file input.cif (mmCIF, C-alpha atoms)
data_coords
#
loop_
_atom_site.group_PDB
_atom_site.id
_atom_site.type_symbol
_atom_site.label_atom_id
_atom_site.label_comp_id
_atom_site.auth_asym_id
_atom_site.auth_seq_id
_atom_site.Cartn_x
_atom_site.Cartn_y
_atom_site.Cartn_z
ATOM 1 C CA ASP J 1 237.594 42.809 40.012
ATOM 2 C CA ARG J 2 240.431 44.406 38.032
ATOM 3 C CA THR J 3 241.619 41.023 36.787
ATOM 4 C CA ALA J 4 238.135 40.092 35.596
ATOM 5 C CA ARG J 5 237.726 43.392 33.780
ATOM 6 C CA VAL J 6 241.066 43.036 31.977
ATOM 7 C CA ILE J 7 240.141 39.514 30.887
ATOM 8 C CA ARG J 8 236.911 40.906 29.448
ATOM 9 C CA GLU J 9 238.949 43.523 27.569
ATOM 10 C CA ILE J 10 241.063 40.800 25.977
ATOM 11 C CA SER J 11 238.175 38.367 25.353
ATOM 12 C CA PRO J 12 240.497 35.364 24.925
ATOM 13 C CA ASP J 13 239.737 31.811 23.842
ATOM 14 C CA VAL J 14 242.496 30.498 26.129
ATOM 15 C CA ILE J 15 244.257 32.328 28.951
ATOM 16 C CA ALA J 16 246.915 31.387 31.497
ATOM 17 C CA LEU J 17 247.159 33.233 34.805
ATOM 18 C CA GLN J 18 249.986 33.080 37.328
ATOM 19 C CA GLU J 19 249.892 33.736 41.082
ATOM 20 C CA ALA J 20 246.145 33.141 41.125
ATOM 21 C CA ASP J 21 246.347 31.536 44.579
ATOM 22 C CA ASN J 22 247.717 32.762 47.886
ATOM 23 C CA ARG J 23 251.353 31.736 48.035
ATOM 24 C CA PHE J 24 251.334 30.864 51.733
ATOM 25 C CA GLY J 25 248.919 29.368 54.244
ATOM 26 C CA ASP J 26 246.027 27.433 52.765
ATOM 27 C CA ARG J 27 246.843 28.715 49.240
ATOM 28 C CA ALA J 28 243.229 29.785 48.750
ATOM 29 C CA GLY J 29 242.266 30.968 45.281
ATOM 30 C CA LEU J 30 242.110 34.720 44.666
ATOM 31 C CA LEU J 31 239.581 34.679 41.819
ATOM 32 C CA ASP J 32 235.824 34.387 41.536
ATOM 33 C CA LEU J 33 235.762 31.556 39.002
ATOM 34 C CA ALA J 34 231.975 31.404 38.813
ATOM 35 C CA ARG J 35 231.830 35.103 37.999
ATOM 36 C CA LEU J 36 234.592 34.755 35.399
ATOM 37 C CA GLU J 37 232.693 31.973 33.658
ATOM 38 C CA LEU J 38 229.470 33.983 33.702
ATOM 39 C CA GLU J 39 231.070 37.146 32.336
ATOM 40 C CA THR J 40 233.636 35.698 29.914
ATOM 41 C CA GLY J 41 232.515 32.165 29.063
ATOM 42 C CA LEU J 42 235.866 30.826 30.290
ATOM 43 C CA VAL J 43 236.032 27.680 32.406
ATOM 44 C CA PRO J 44 239.095 26.516 34.366
ATOM 45 C CA VAL J 45 241.041 23.411 33.496
ATOM 46 C CA PRO J 46 240.479 21.176 36.547
ATOM 47 C CA VAL J 47 243.295 20.443 38.969
ATOM 48 C CA SER J 48 243.335 17.816 41.695
ATOM 49 C CA GLY J 49 244.405 17.790 45.323
ATOM 50 C CA ASN J 50 244.756 21.539 45.621
ATOM 51 C CA GLY J 51 242.438 22.267 48.544
ATOM 52 C CA LYS J 52 241.060 25.785 48.312
ATOM 53 C CA GLY J 53 243.372 26.762 45.459
ATOM 54 C CA HIS J 54 242.124 27.563 41.971
ATOM 55 C CA GLY J 55 245.210 26.404 40.124
ATOM 56 C CA TRP J 56 248.365 24.375 40.328
ATOM 57 C CA ARG J 57 251.050 26.248 42.261
ATOM 58 C CA GLY J 58 249.315 29.454 41.257
ATOM 59 C CA ASN J 59 248.873 28.551 37.569
ATOM 60 C CA VAL J 60 245.292 28.723 36.300
ATOM 61 C CA LEU J 61 244.394 27.805 32.734
ATOM 62 C CA LEU J 62 240.978 28.815 31.399
ATOM 63 C CA PHE J 63 239.423 28.051 28.012
ATOM 64 C CA LYS J 64 236.227 28.910 26.155
ATOM 65 C CA ARG J 65 235.572 26.038 23.745
ATOM 66 C CA GLY J 66 236.368 22.343 23.638
ATOM 67 C CA THR J 67 236.759 19.424 26.023
ATOM 68 C CA VAL J 68 239.666 18.734 28.347
ATOM 69 C CA ARG J 69 240.937 15.253 27.581
ATOM 70 C CA ASP J 70 243.926 15.108 29.914
ATOM 71 C CA VAL J 71 245.646 17.242 32.570
ATOM 72 C CA HIS J 72 249.147 16.974 34.042
ATOM 73 C CA GLN J 73 250.408 18.950 37.043
ATOM 74 C CA LEU J 74 254.185 19.275 36.883
ATOM 75 C CA LYS J 75 256.368 20.118 39.856
ATOM 76 C CA LEU J 76 259.298 22.119 38.578
ATOM 77 C CA PRO J 77 262.730 21.860 40.241
ATOM 78 C CA GLY J 78 264.293 24.757 42.121
ATOM 79 C CA LEU J 79 264.311 26.501 45.470
ATOM 80 C CA GLU J 80 260.880 28.073 44.946
ATOM 81 C CA PRO J 81 257.566 26.172 44.684
ATOM 82 C CA ARG J 82 257.110 26.463 40.916
ATOM 83 C CA GLY J 83 254.956 24.422 38.591
ATOM 84 C CA ALA J 84 253.393 23.970 35.182
ATOM 85 C CA LEU J 85 249.891 22.931 34.190
ATOM 86 C CA VAL J 86 249.590 20.884 30.984
ATOM 87 C CA ALA J 87 246.195 20.414 29.351
ATOM 88 C CA GLU J 88 245.199 18.438 26.273
ATOM 89 C CA ILE J 89 242.091 20.131 24.845
ATOM 90 C CA ASP J 90 239.953 18.675 22.055
ATOM 91 C CA LEU J 91 238.612 21.748 20.273
ATOM 92 C CA ASP J 92 236.319 19.686 18.044
ATOM 93 C CA GLU J 93 236.237 16.226 16.469
ATOM 94 C CA LYS J 94 239.337 16.845 14.348
ATOM 95 C CA ARG J 95 241.457 19.442 16.137
ATOM 96 C CA SER J 96 243.288 19.253 19.444
ATOM 97 C CA LEU J 97 245.667 21.572 21.247
ATOM 98 C CA ARG J 98 248.150 21.073 24.045
ATOM 99 C CA VAL J 99 248.604 24.088 26.316
ATOM 100 C CA ILE J 100 251.397 24.403 28.869
ATOM 101 C CA ALA J 101 250.887 27.166 31.432
ATOM 102 C CA ALA J 102 254.098 27.760 33.373
ATOM 103 C CA HIS J 103 255.633 30.073 35.943
ATOM 104 C CA LEU J 104 259.404 29.690 36.018
ATOM 105 C CA GLY J 105 261.731 30.649 38.839
ATOM 106 C CA LEU J 106 263.731 33.760 39.620
ATOM 107 C CA LEU J 107 267.120 32.003 39.508
ATOM 108 C CA ARG J 108 268.724 31.399 36.112
ATOM 109 C CA ARG J 109 269.886 27.882 37.017
ATOM 110 C CA SER J 110 266.359 26.976 38.117
ATOM 111 C CA ARG J 111 264.895 28.299 34.874
ATOM 112 C CA SER J 112 267.303 26.164 32.832
ATOM 113 C CA GLU J 113 266.328 23.036 34.773
ATOM 114 C CA GLN J 114 262.637 23.894 34.573
ATOM 115 C CA ALA J 115 262.818 24.414 30.806
ATOM 116 C CA ARG J 116 264.288 20.930 30.425
ATOM 117 C CA VAL J 117 261.411 19.434 32.446
ATOM 118 C CA VAL J 118 258.929 21.157 30.116
ATOM 119 C CA LEU J 119 260.741 19.658 27.118
ATOM 120 C CA ASP J 120 260.514 16.175 28.606
ATOM 121 C CA ILE J 121 256.790 16.082 27.869
ATOM 122 C CA MET J 122 257.444 16.844 24.195
ATOM 123 C CA SER J 123 258.492 13.600 22.551
ATOM 124 C CA SER J 124 259.068 14.970 19.047
ATOM 125 C CA ALA J 125 258.926 18.139 16.990
ATOM 126 C CA ASP J 126 255.957 16.893 14.967
ATOM 127 C CA GLU J 127 253.673 16.396 17.956
ATOM 128 C CA ARG J 128 250.252 17.996 18.164
ATOM 129 C CA PRO J 129 250.104 21.809 18.157
ATOM 130 C CA THR J 130 251.443 22.977 21.510
ATOM 131 C CA LEU J 131 251.513 26.367 23.199
ATOM 132 C CA LEU J 132 253.849 27.314 26.022
ATOM 133 C CA LEU J 133 252.706 30.455 27.776
ATOM 134 C CA GLY J 134 253.214 32.225 31.063
ATOM 135 C CA ASP J 135 255.641 34.178 33.187
ATOM 136 C CA LEU J 136 258.960 32.583 32.246
ATOM 137 C CA ASN J 137 260.919 35.209 34.214
ATOM 138 C CA GLU J 138 263.668 35.433 31.573
ATOM 139 C CA TRP J 139 264.717 38.829 30.262
ATOM 140 C CA ARG J 140 268.028 37.754 28.730
ATOM 141 C CA LEU J 141 268.177 37.122 24.993
ATOM 142 C CA GLY J 142 270.471 35.104 22.747
ATOM 143 C CA ASN J 143 273.048 32.752 24.228
ATOM 144 C CA ARG J 144 272.607 34.220 27.715
ATOM 145 C CA SER J 145 268.969 33.130 27.916
ATOM 146 C CA ALA J 146 268.039 30.257 30.227
ATOM 147 C CA LEU J 147 265.362 29.329 27.675
ATOM 148 C CA ASN J 148 267.835 28.292 24.964
ATOM 149 C CA THR J 149 267.060 24.619 25.547
ATOM 150 C CA LEU J 150 263.513 25.254 24.338
ATOM 151 C CA HIS J 151 264.756 26.069 20.818
ATOM 152 C CA THR J 152 264.871 22.424 19.755
ATOM 153 C CA THR J 153 261.079 22.171 20.039
ATOM 154 C CA PHE J 154 259.725 25.714 20.095
ATOM 155 C CA GLY J 155 262.178 27.294 17.659
ATOM 156 C CA PRO J 156 264.011 30.568 18.224
ATOM 157 C CA THR J 157 262.833 32.659 21.141
ATOM 158 C CA PRO J 158 260.095 34.962 19.781
ATOM 159 C CA PRO J 159 260.650 38.723 19.681
ATOM 160 C CA ALA J 160 260.886 40.178 23.160
ATOM 161 C CA VAL J 161 257.784 42.137 24.160
ATOM 162 C CA PRO J 162 258.306 44.124 27.384
ATOM 163 C CA THR J 163 255.620 43.400 29.979
ATOM 164 C CA PHE J 164 257.236 44.279 33.323
ATOM 165 C CA PRO J 165 256.730 46.452 35.266
ATOM 166 C CA SER J 166 253.289 47.222 33.923
ATOM 167 C CA GLY J 167 253.493 50.966 34.594
ATOM 168 C CA LEU J 168 256.642 51.329 32.473
ATOM 169 C CA PRO J 169 257.467 47.959 30.881
ATOM 170 C CA VAL J 170 261.131 47.371 30.083
ATOM 171 C CA LEU J 171 261.620 43.618 30.699
ATOM 172 C CA ALA J 172 260.159 40.849 28.528
ATOM 173 C CA LEU J 173 259.411 38.298 31.254
ATOM 174 C CA ASP J 174 256.329 36.719 29.666
ATOM 175 C CA ARG J 175 256.187 34.493 26.588
ATOM 176 C CA ILE J 176 253.750 32.813 24.230
ATOM 177 C CA MET J 177 255.508 30.164 22.137
ATOM 178 C CA GLY J 178 254.361 27.485 19.689
ATOM 179 C CA ASN J 179 256.023 24.249 18.580
ATOM 180 C CA ARG J 180 255.184 24.780 14.888
ATOM 181 C CA HIS J 181 256.224 27.519 12.519
ATOM 182 C CA GLY J 182 253.362 29.961 12.056
ATOM 183 C CA LEU J 183 251.322 28.593 14.963
ATOM 184 C CA VAL J 184 251.657 31.839 16.937
ATOM 185 C CA SER J 185 251.572 35.356 15.499
ATOM 186 C CA GLY J 186 250.834 38.921 16.543
ATOM 187 C CA VAL J 187 252.394 38.682 19.983
ATOM 188 C CA GLU J 188 251.946 41.970 21.830
ATOM 189 C CA ALA J 189 251.340 43.442 25.254
ATOM 190 C CA HIS J 190 247.780 44.355 26.174
ATOM 191 C CA ASP J 191 248.520 47.877 27.348
ATOM 192 C CA THR J 192 245.467 49.750 28.610
ATOM 193 C CA PRO J 193 244.843 52.075 31.565
ATOM 194 C CA LEU J 194 243.208 49.204 33.432
ATOM 195 C CA SER J 195 245.870 46.574 32.658
ATOM 196 C CA ARG J 196 248.583 48.882 33.980
ATOM 197 C CA VAL J 197 247.033 48.823 37.463
ATOM 198 C CA ALA J 198 245.510 45.326 37.498
ATOM 199 C CA SER J 199 248.879 43.572 37.830
ATOM 200 C CA ASP J 200 252.600 44.256 37.948
ATOM 201 C CA HIS J 201 252.816 42.494 34.542
ATOM 202 C CA LEU J 202 250.993 43.540 31.391
ATOM 203 C CA PRO J 203 249.073 40.670 29.806
ATOM 204 C CA LEU J 204 250.644 39.192 26.684
ATOM 205 C CA THR J 205 248.325 38.296 23.793
ATOM 206 C CA ALA J 206 248.730 36.440 20.510
ATOM 207 C CA PHE J 207 246.793 34.849 17.669
ATOM 208 C CA VAL J 208 246.958 31.062 17.232
ATOM 209 C CA HIS J 209 246.554 29.494 13.778
ATOM 210 C CA LEU J 210 245.586 25.821 13.800
#

call {"tool": "encode", "arguments": {"input": "input.cif", "output": "structure tokens"}}
result
Amino acid sequence: DRTARVIREISPDVIALQEADNRFGDRAGLLDLARLELETGLVPVPVSGNGKGHGWRGNVLLFKRGTVRDVHQLKLPGLEPRGALVAEIDLDEKRSLRVIAAHLGLLRRSRSEQARVVLDIMSSADERPTLLLGDLNEWRLGNRSALNTLHTTFGPTPPAVPTFPSGLPVLALDRIMGNRHGLVSGVEAHDTPLSRVASDHLPLTAFVHL
């Protein structure tokens, strides 16, 4: 209920959620997707072979407008069961958008390897507009960051916006990044009384210019 209410506060066109499924057991989904669609107009990007789960390794990607043309479910390397969901969305007859929803690992070495896997799906810097968003679990900046390998495609790491812990955010664990200059702007934490108790992370929001 809290998650649904925060999503209504944000009123997004596209949103990525992490840990939307139980981590153990049958990995059943934790959301009421039918209710979310009714109240927000958002529909989930479909995933396959996930049983009772709503997403791929906990990643759920929802969008308001357009048609999903292709979906890839990436297994990311590391000790933990991490993954990324990649969706190609045709917004209309002329415009398309690739969205990568990812949840990277807690270990720095794993994050470095996982970032390289994400880059493998990007064949060149002039590809279609692409967003990378999610809990990337990296608070280090500059040369110490495990996300440095992403610079070749996504440019310099965007300004750090603290999102964790939600009650008193000091670490910038979440990111919204674009592969083109000016694609993403206005990145900020959605800090409201409800968002502080709905999750241990504050939601991160941004404007996308196509």

call {"tool": "resolve_selection", "arguments": {"input": "input.cif", "expression": "the PyMOL selection byres ((chain J and resi 55-66) around 6)", "output": "list in words"}}
result
Asp13, Val14, Ile15, Ala16, Leu17, Gln18, Glu19, Ala20, Asp21, Gly41, Leu42, Val43, Pro44, Val45, Gly53, His54, Thr67, Gly83, Asp90 and Leu91 of chain J

call {"tool": "resolve_selection", "arguments": {"input": "input.cif", "expression": "the PyMOL selection byres ((chain J and resi 36) around 12)", "output": "PyMOL selection string"}}
result
chain J and resi 1-8+11+15+30-35+37-44+62-64

call {"tool": "residues_around", "arguments": {"input": "input.cif", "residues": "Ala84 in chain J", "least_positions_apart": "5", "cutoff": "6 Å", "atoms": "all atoms listed in the file", "output": "list in words"}}
result
Leu74, Ala101 and Ala102 of chain J

call {"tool": "write_last_selection", "arguments": {"input": "input.cif", "atoms": "C-alpha atoms", "output": "mmCIF file, keeping the file's coordinate frame"}}
result
data_model
loop_
_atom_site.group_PDB
_atom_site.id
_atom_site.type_symbol
_atom_site.label_atom_id
_atom_site.label_comp_id
_atom_site.auth_asym_id
_atom_site.auth_seq_id
_atom_site.Cartn_x
_atom_site.Cartn_y
_atom_site.Cartn_z
ATOM 1 C CA LEU J 74 254.185 19.275 36.883
ATOM 2 C CA ALA J 101 250.887 27.166 31.432
ATOM 3 C CA ALA J 102 254.098 27.760 33.373
#

call {"tool": "atom_distance", "arguments": {"input": "input.cif", "atom1": "CA of Glu113 in chain J", "atom2": "CA of Thr153 in chain J"}}
result
15.7 Å

call {"tool": "atom_distance", "arguments": {"input": "input.cif", "atom1": "CA of Leu183 in chain J", "atom2": "CA of Pro158 in chain J"}}
result
11.9 Å

call {"tool": "atom_distance", "arguments": {"input": "input.cif", "atom1": "CA of Leu202 in chain J", "atom2": "CA of Ser166 in chain J"}}
result
5.0 Å

call {"tool": "closest_residue", "arguments": {"input": "input.cif", "among": "J:Arg27, J:His103, J:Arg69, J:His190", "to": "Pro169 in chain J", "atoms": "all atoms listed in the file"}}
result
J:His190

call {"tool": "closest_residue", "arguments": {"input": "input.cif", "among": "J:Thr130, J:Ser185, J:Ser96, J:Asn50", "to": "Gln73 in chain J", "atoms": "all atoms listed in the file"}}
result
J:Asn50

call {"tool": "resolve_selection", "arguments": {"input": "input.cif", "expression": "the PyMOL selection byres ((chain J and resi 148) around 12)", "output": "list in words"}}
result
Arg108, Arg111, Ser112, Glu113, Gln114, Ala115, Arg116, Leu119, Glu138, Arg140, Leu141, Gly142, Asn143, Arg144, Ser145, Ala146, Leu147, Thr149, Leu150, His151, Thr152, Thr153, Phe154, Gly155, Pro156, Thr157 and Pro158 of chain J
